[in-house]
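One structure is given below, encoded as structure tokens.
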Amino acid sequence: MHWTVTFTGKAKKQIEKLPERVRLLLFQLAREIEAAGPVRGDWPNYSKLGSNRHHCHLKKGQPTYVAVWSEDRSAVSVEIIYAGTHEKAPY
């Protein structure tokens with residue numbers, strides 16, 4: 001099943017500020033979500049945050065970068081709502 005992945009306006013602005021290596025990992029994550037769905041247990045420190053929200057670490061260390069996304073199973077779509085440092089993540 002193919003999922004549609006979009007980015008919120010806030011996430012798009014955050015992407016511009018990410019280091020290139022982290023940005024590439026985020027785009028790789030988005031491609032994997034499109035192909036296999038929002039549950040990404042094969043990514044580091046992945047966890048489900050609620051009934052339809054997920055997060056995983058893109059890069060550990062100082063600082064740690066994370067991505068947070070929400071899913072809509074009825075529309076087979078995922079929206080990446082945050083991409084940035086761990087400290088400011090909307091958990």
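Here's how to read the names in the structure tokens: chain A, B, ... by the order shown, residue numbers from 1 in each chain, ligand numbers from 1 in the order shown.
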
task = Enumerate as a PyMOL selection string all residues of stretch 13-69 of chain A assigned to helix (DSSP H, G or I) by DSSP on the backbone, naming them with the chain letters and numbers the document uses.
result = chain A and resi 13-17+20-36

I need the chosen residues saved as a tab-separated table (two decimals), in the first residue's frame, with C-alpha atoms.
chain	number	residue	atom	x	y	z
A	13	LYS	CA	10.69	25.77	7.79
A	14	GLN	CA	12.41	23.50	10.30
A	15	ILE	CA	13.88	21.36	7.51
A	16	GLU	CA	15.73	24.38	6.13
A	17	LYS	CA	17.57	24.72	9.47
A	20	GLU	CA	22.36	18.32	5.60
A	21	ARG	CA	23.02	14.82	6.97
A	22	VAL	CA	19.91	15.00	9.17
A	23	ARG	CA	17.85	16.43	6.31
A	24	LEU	CA	18.82	13.49	4.09
A	25	LEU	CA	17.81	11.05	6.85
A	26	LEU	CA	14.44	12.79	7.16
A	27	PHE	CA	13.80	12.44	3.42
A	28	GLN	CA	14.82	8.78	3.61
A	29	LEU	CA	12.34	8.31	6.48
A	30	ALA	CA	9.60	9.99	4.39
A	31	ARG	CA	10.31	7.62	1.47
A	32	GLU	CA	10.14	4.59	3.77
A	33	ILE	CA	6.84	5.81	5.25
A	34	GLU	CA	5.45	6.20	1.71
A	35	ALA	CA	6.43	2.64	0.85
A	36	ALA	CA	5.75	0.77	4.10

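Going from atom CA of A:Thr6 to atom CA of A:Gly61 covers 27.0 Å.
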
inquiry  = Could you tell me how far atom CA of A:Ser74 sits from atom CA of A:Ser51, in Å to one decimal place?
reply    = 13.4 Å

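Here the question is which of A:His2, A:His86, A:Arg73, A:Lys10 gets nearest to A:Arg53 using only C-alpha atoms, and that residue is A:Arg73.
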
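Distances from A:Val5, A:Ala11, A:Leu18, A:Val39 to A:Thr64 were compared using only C-alpha atoms, and the smallest one belongs to A:Leu18.
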
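With distances taken over only C-alpha atoms, A:Asn52 is the one residue among A:Tyr91, A:Asn52, A:Pro19, A:Lys60 lying closest to A:Val76.
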
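Counting from atom CA of A:Ser77, the distance to atom CA of A:Ala89 is 21.1 Å.
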